[in-house]
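Novice: Quick one: the structure is below, and I'll ask about it shortly.
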Amino acid sequence: MQKRFDGGPEIKRWLAGAMVFIVLAFVGSSADPYFISLMTIVLLFTFLGQSWNLMLGIGGQLSIGHALFVGLGAYSVGVLYVKYGISPWIGLFLGMIIAGSVGAALAWLSFRFEVRGIYFALLTIAAAEFARIMFSGWEFVGAMQGLFFPAPTGAIEFSMLRGGARFYYFVALALAALGIIGTELISRSYLGYVWRAMRDDEPAARALGVRTFRHKILVISVSAAAAAAGGGVLGLVQGSIFPDSIMGMGLSVDVLIGPVVGGLGTTFGPLIGSLAAIPLNHLMSAIGDNLRIPGLNNIAYGIVLILVVWFLPDGIWPAIVRLCKAIQAPSRLWLPHLRKAEE
Amino acid sequence: MLDAALLSIDGLSVAYDGSSALNGVSLQIRKGELICVVGANGAGKTSLIRSISGIVRSSSGTVKMNGVNITGLPPWEICERGIAQVAEGRQSFGSLSVEENLLLGGSLKRAKAYQFETLEFVYQLFERLRERRRQLAGTLSGGEQQMLAIGRAIMSKPEMVMFDEPSIGLSPALTDVMFGVVKSLHEQGITVLLVEQNVAKSLALSNRGYVLENGSIVLHGSSQELLNNSEIQRAYLGM
């Protein structure tokens, strides 16, 4: 069922996806703790990237302030657990509700006053920065000193969502799988084609009777809630929450690098992009530390982004899809205009 | 029933940033009629459609449907009341498949229950769309996209369809096909408001016509009268 350019027979897609996750599950049995923790971050950012991708890649709404929602999720889990000993499951749930509502309110306010497109994106930055500064001065949530989770004992406590590195790897893996399956299902549902129609041409969708105002609020709210769930787990994995790292601009950028590098609006883009970008970032900062060149990772990050945008403007995943099709029918790689004519 | 005014527009004006696009336009469309509004580029034809459908806010005047004032309602409410449009330039959603485009048109409350029957009807009308139903709409030819735009409007089970220049950019042969489709929809009882630059063909098709110039209706009458009008012949028919 060809739906998007990364289409292909449905069964094949699900099988490929299942295979990727089986491989990733085996990765979880690896002994190397550094590798496990790196892959945990990759998978968490796959999920966060997926949430961002849902908003821009499917809903057509750009956010450069996703750290706001990530942070709200992390703080909901952190405050409830650290201060009151309440299960992170409840914190996650609460965080999703809070972030979803904040996202909806932000969208409502913005679109109500005709602030849209790139101006909406600026507003998301402003909101995230506002929240970061507010949390930095808010003693109740630890202000600049942040919140610390008690050190993990290594024992797995599922009801408290606590465990060792391997446990969190599988939590992140489950979250990433959930994100990919969820996006795929949403994308194929009624909501999916309404949102994509809205992204393709909002005025035309409006003319067709789509209630774009509501749908924009809805997609932003869903994306925000998902980001909060990812943020809650991210906080637990990191063991501490600081406003500058969990709500800062840097995190907002980290969230969007996966889908941008991997392929905007594609189901596997955020995974591929995170797999490519995050290990590279870590490798570069390790090299930078060894050579005593702080900031090398940022330069490398920048160069990768530039290269991807330059050579693969639609991302790595669509390029892989093109390559696979080209192997089946070699002429198409070199005659891209033929790609449109087929199927 | 032919006498009941389905849509009655009274003194409708539209302005963009102070410059007026429509100046007190009044027209009536009776149930089951096929009327056309003809005029040159920039005469205000598209503004007329966009203000009826609620996309553009009118600065004054009223639009009534079956006697109920629908001026200023949001587009989705106008759609729900049964007014569909086929926009100029056949806006299709390029990253949706042909079938998703059609289902999107059929997702209104008024149409949802009949979605799959209507889909079958559209596919019977346009076999091309059935053949290409899984294809992305962005890869269709111009003529196919126009079929898709019409199909999408039909999917909403409309009482009235407004066509904005369905012939634009199409070959003469395809233009005839499109006008044939407009005619057959009308014969199925759908009221049609056809907005066109192709004056001869649209007057030949319609019951009545209005001539729009610089945002105002300058002439109206039965299509036969207009076709025989010497001014129209000179200005629009090149006689």
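How things are named: the first chain in the structure tokens is A, the next is B, and so on; residues count from 1 in each chain; ligands count from 1 in the order shown.
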Env of A:Leu256: 8 Å cut, atoms = only C-alpha atoms, seq-sep filter 6 positions within chain, self excluded. Answer as a list in words.
Specialist: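 Neighbouring residues, sequence-local ones excluded: Gly49, Trp52, Asn53 and Ile64 of chain A.
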Novice: Write the residues you've just listed into a file as a short mmCIF file (atom, residue, chain, number, x, y, z; two decimals), in the first residue's frame, and include N, CA and C atoms for each of them.
Specialist:
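Done, and the output landed in again_34.cif:
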```cif
data_model
loop_
_atom_site.label_atom_id
_atom_site.label_comp_id
_atom_site.auth_asym_id
_atom_site.auth_seq_id
_atom_site.Cartn_x
_atom_site.Cartn_y
_atom_site.Cartn_z
N GLY A 49 12.20 12.28 19.05
CA GLY A 49 12.21 12.73 17.66
C GLY A 49 10.91 12.36 16.96
N TRP A 52 8.28 14.79 17.88
CA TRP A 52 8.48 16.07 17.16
C TRP A 52 8.08 15.91 15.69
N ASN A 53 8.43 14.74 15.16
CA ASN A 53 8.13 14.40 13.77
C ASN A 53 6.63 14.35 13.49
N ILE A 64 10.43 24.54 17.89
CA ILE A 64 11.86 24.54 18.21
C ILE A 64 11.98 24.65 19.72
#
```
Novice: I need the residues in stretch 14-104 of chain B that are strand (DSSP E) according to DSSP; give them as a PyMOL selection string.
Specialist: chain B and resi 14-16+19-30+34-38+60-65+68-69+83-86
Novice: How would the residues just chosen look if you wrote them out with N, CA and C atoms as a JSON list (two decimals), in the first residue's frame?
Specialist:
```
[["chain", "number", "residue", "atom", "x", "y", "z"],
["B", 14, "VAL", "N", -16.37, 42.22, -0.71],
["B", 14, "VAL", "CA", -15.16, 41.66, -0.14],
["B", 14, "VAL", "C", -14.01, 42.60, -0.46],
["B", 15, "ALA", "N", -13.16, 42.84, 0.53],
["B", 15, "ALA", "CA", -11.99, 43.68, 0.27],
["B", 15, "ALA", "C", -10.76, 43.00, 0.85],
["B", 16, "TYR", "N", -9.68, 43.07, 0.12],
["B", 16, "TYR", "CA", -8.40, 42.60, 0.65],
["B", 16, "TYR", "C", -7.52, 43.81, 0.90],
["B", 19, "SER", "N", -8.35, 47.18, -0.78],
["B", 19, "SER", "CA", -8.79, 47.25, -2.17],
["B", 19, "SER", "C", -9.91, 46.24, -2.37],
["B", 20, "SER", "N", -10.99, 46.68, -2.98],
["B", 20, "SER", "CA", -12.17, 45.83, -3.00],
["B", 20, "SER", "C", -12.11, 44.84, -4.15],
["B", 21, "ALA", "N", -12.57, 43.64, -3.86],
["B", 21, "ALA", "CA", -12.58, 42.58, -4.87],
["B", 21, "ALA", "C", -14.00, 42.29, -5.33],
["B", 22, "LEU", "N", -14.95, 42.49, -4.42],
["B", 22, "LEU", "CA", -16.36, 42.33, -4.76],
["B", 22, "LEU", "C", -17.10, 43.55, -4.25],
["B", 23, "ASN", "N", -18.02, 44.04, -5.08],
["B", 23, "ASN", "CA", -18.76, 45.25, -4.74],
["B", 23, "ASN", "C", -20.26, 45.01, -4.78],
["B", 24, "GLY", "N", -20.83, 44.71, -3.64],
["B", 24, "GLY", "CA", -22.27, 44.57, -3.58],
["B", 24, "GLY", "C", -22.86, 43.61, -4.61],
["B", 25, "VAL", "N", -22.35, 42.42, -4.61],
["B", 25, "VAL", "CA", -22.86, 41.42, -5.56],
["B", 25, "VAL", "C", -24.12, 40.77, -5.00],
["B", 26, "SER", "N", -25.15, 40.70, -5.84],
["B", 26, "SER", "CA", -26.35, 39.99, -5.45],
["B", 26, "SER", "C", -26.67, 38.95, -6.50],
["B", 27, "LEU", "N", -26.94, 37.76, -6.07],
["B", 27, "LEU", "CA", -27.41, 36.74, -7.01],
["B", 27, "LEU", "C", -28.19, 35.66, -6.28],
["B", 28, "GLN", "N", -29.03, 34.98, -7.06],
["B", 28, "GLN", "CA", -29.85, 33.90, -6.48],
["B", 28, "GLN", "C", -29.58, 32.61, -7.24],
["B", 29, "ILE", "N", -29.54, 31.55, -6.51],
["B", 29, "ILE", "CA", -29.45, 30.25, -7.15],
["B", 29, "ILE", "C", -30.59, 29.41, -6.63],
["B", 30, "ARG", "N", -31.41, 28.96, -7.57],
["B", 30, "ARG", "CA", -32.53, 28.10, -7.13],
["B", 30, "ARG", "C", -32.06, 26.66, -7.09],
["B", 34, "LEU", "N", -28.38, 25.22, -12.72],
["B", 34, "LEU", "CA", -26.96, 25.29, -13.05],
["B", 34, "LEU", "C", -26.74, 26.71, -13.52],
["B", 35, "ILE", "N", -26.11, 27.53, -12.72],
["B", 35, "ILE", "CA", -25.87, 28.90, -13.17],
["B", 35, "ILE", "C", -24.37, 29.12, -13.33],
["B", 36, "CYS", "N", -24.04, 30.06, -14.17],
["B", 36, "CYS", "CA", -22.63, 30.36, -14.31],
["B", 36, "CYS", "C", -22.37, 31.84, -14.03],
["B", 37, "VAL", "N", -21.21, 32.10, -13.53],
["B", 37, "VAL", "CA", -20.74, 33.46, -13.33],
["B", 37, "VAL", "C", -19.51, 33.60, -14.20],
["B", 38, "VAL", "N", -19.59, 34.46, -15.19],
["B", 38, "VAL", "CA", -18.46, 34.58, -16.10],
["B", 38, "VAL", "C", -17.81, 35.95, -15.94],
["B", 60, "SER", "N", -19.33, 43.33, 3.83],
["B", 60, "SER", "CA", -20.75, 43.58, 4.04],
["B", 60, "SER", "C", -21.55, 42.66, 3.14],
["B", 61, "GLY", "N", -22.87, 42.63, 3.39],
["B", 61, "GLY", "CA", -23.74, 41.78, 2.60],
["B", 61, "GLY", "C", -24.03, 40.47, 3.30],
["B", 62, "THR", "N", -25.01, 39.74, 2.78],
["B", 62, "THR", "CA", -25.39, 38.49, 3.42],
["B", 62, "THR", "C", -25.44, 37.36, 2.40],
["B", 63, "VAL", "N", -25.18, 36.18, 2.91],
["B", 63, "VAL", "CA", -25.37, 34.96, 2.13],
["B", 63, "VAL", "C", -26.38, 34.12, 2.90],
["B", 64, "LYS", "N", -27.47, 33.76, 2.23],
["B", 64, "LYS", "CA", -28.47, 32.92, 2.89],
["B", 64, "LYS", "C", -28.61, 31.62, 2.16],
["B", 65, "MET", "N", -28.72, 30.56, 2.94],
["B", 65, "MET", "CA", -28.97, 29.26, 2.33],
["B", 65, "MET", "C", -30.30, 28.77, 2.85],
["B", 68, "VAL", "N", -31.71, 30.74, 5.58],
["B", 68, "VAL", "CA", -30.94, 30.89, 6.82],
["B", 68, "VAL", "C", -29.64, 31.64, 6.53],
["B", 69, "ASN", "N", -29.37, 32.63, 7.35],
["B", 69, "ASN", "CA", -28.17, 33.43, 7.14],
["B", 69, "ASN", "C", -26.92, 32.60, 7.48],
["B", 83, "ILE", "N", -22.54, 22.84, 0.94],
["B", 83, "ILE", "CA", -21.94, 23.60, -0.15],
["B", 83, "ILE", "C", -20.49, 23.16, -0.30],
["B", 84, "ALA", "N", -20.20, 22.53, -1.43],
["B", 84, "ALA", "CA", -18.83, 22.07, -1.67],
["B", 84, "ALA", "C", -18.22, 22.93, -2.77],
["B", 85, "GLN", "N", -16.90, 22.94, -2.82],
["B", 85, "GLN", "CA", -16.28, 23.68, -3.90],
["B", 85, "GLN", "C", -15.17, 22.88, -4.54],
["B", 86, "VAL", "N", -14.99, 23.15, -5.80],
["B", 86, "VAL", "CA", -13.85, 22.60, -6.52],
["B", 86, "VAL", "C", -12.97, 23.80, -6.83]]
```
Novice: Tell me which of A:Phe35, A:Gly182, A:Phe213, A:Ala67 sits closest to A:Val115, counting only C-alpha atoms.
Specialist: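 Of A:Phe35, A:Gly182, A:Phe213, A:Ala67, the one nearest A:Val115 is A:Phe213, counting only C-alpha atoms.
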Novice: Check the smallest atom-to-atom distance from each of B:Gly151, B:Gly143, B:Gly11, B:Gly67 to chain A using only C-alpha atoms, then report the winner.
Specialist: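 Residue with the minimum atom-to-atom distance to chain A: B:Gly151.
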Novice: Which residues are near A:Val79? Cut-off 10 Å, only C-alpha atoms, ignore same chain within fewer than 6 positions. Put them as number ranges by chain.
Specialist: A: 85-86, 88, 91, 140-142, 147-149, 241
Novice: Between atom CA of A:Phe268 and atom CA of B:Arg132, what distance in Å does the model show, to one decimal?
Specialist: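 Atom-to-atom, atom CA of A:Phe268 and atom CA of B:Arg132 are spaced 26.1 Å apart.
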Novice: Which residues, written as a VMD selection string, have at least one atom at most 8 Å from A:Gly192, with only C-alpha atoms counted and residues fewer than 5 positions away on the same chain left out?
Specialist: chain A and resid 58 186 to 187
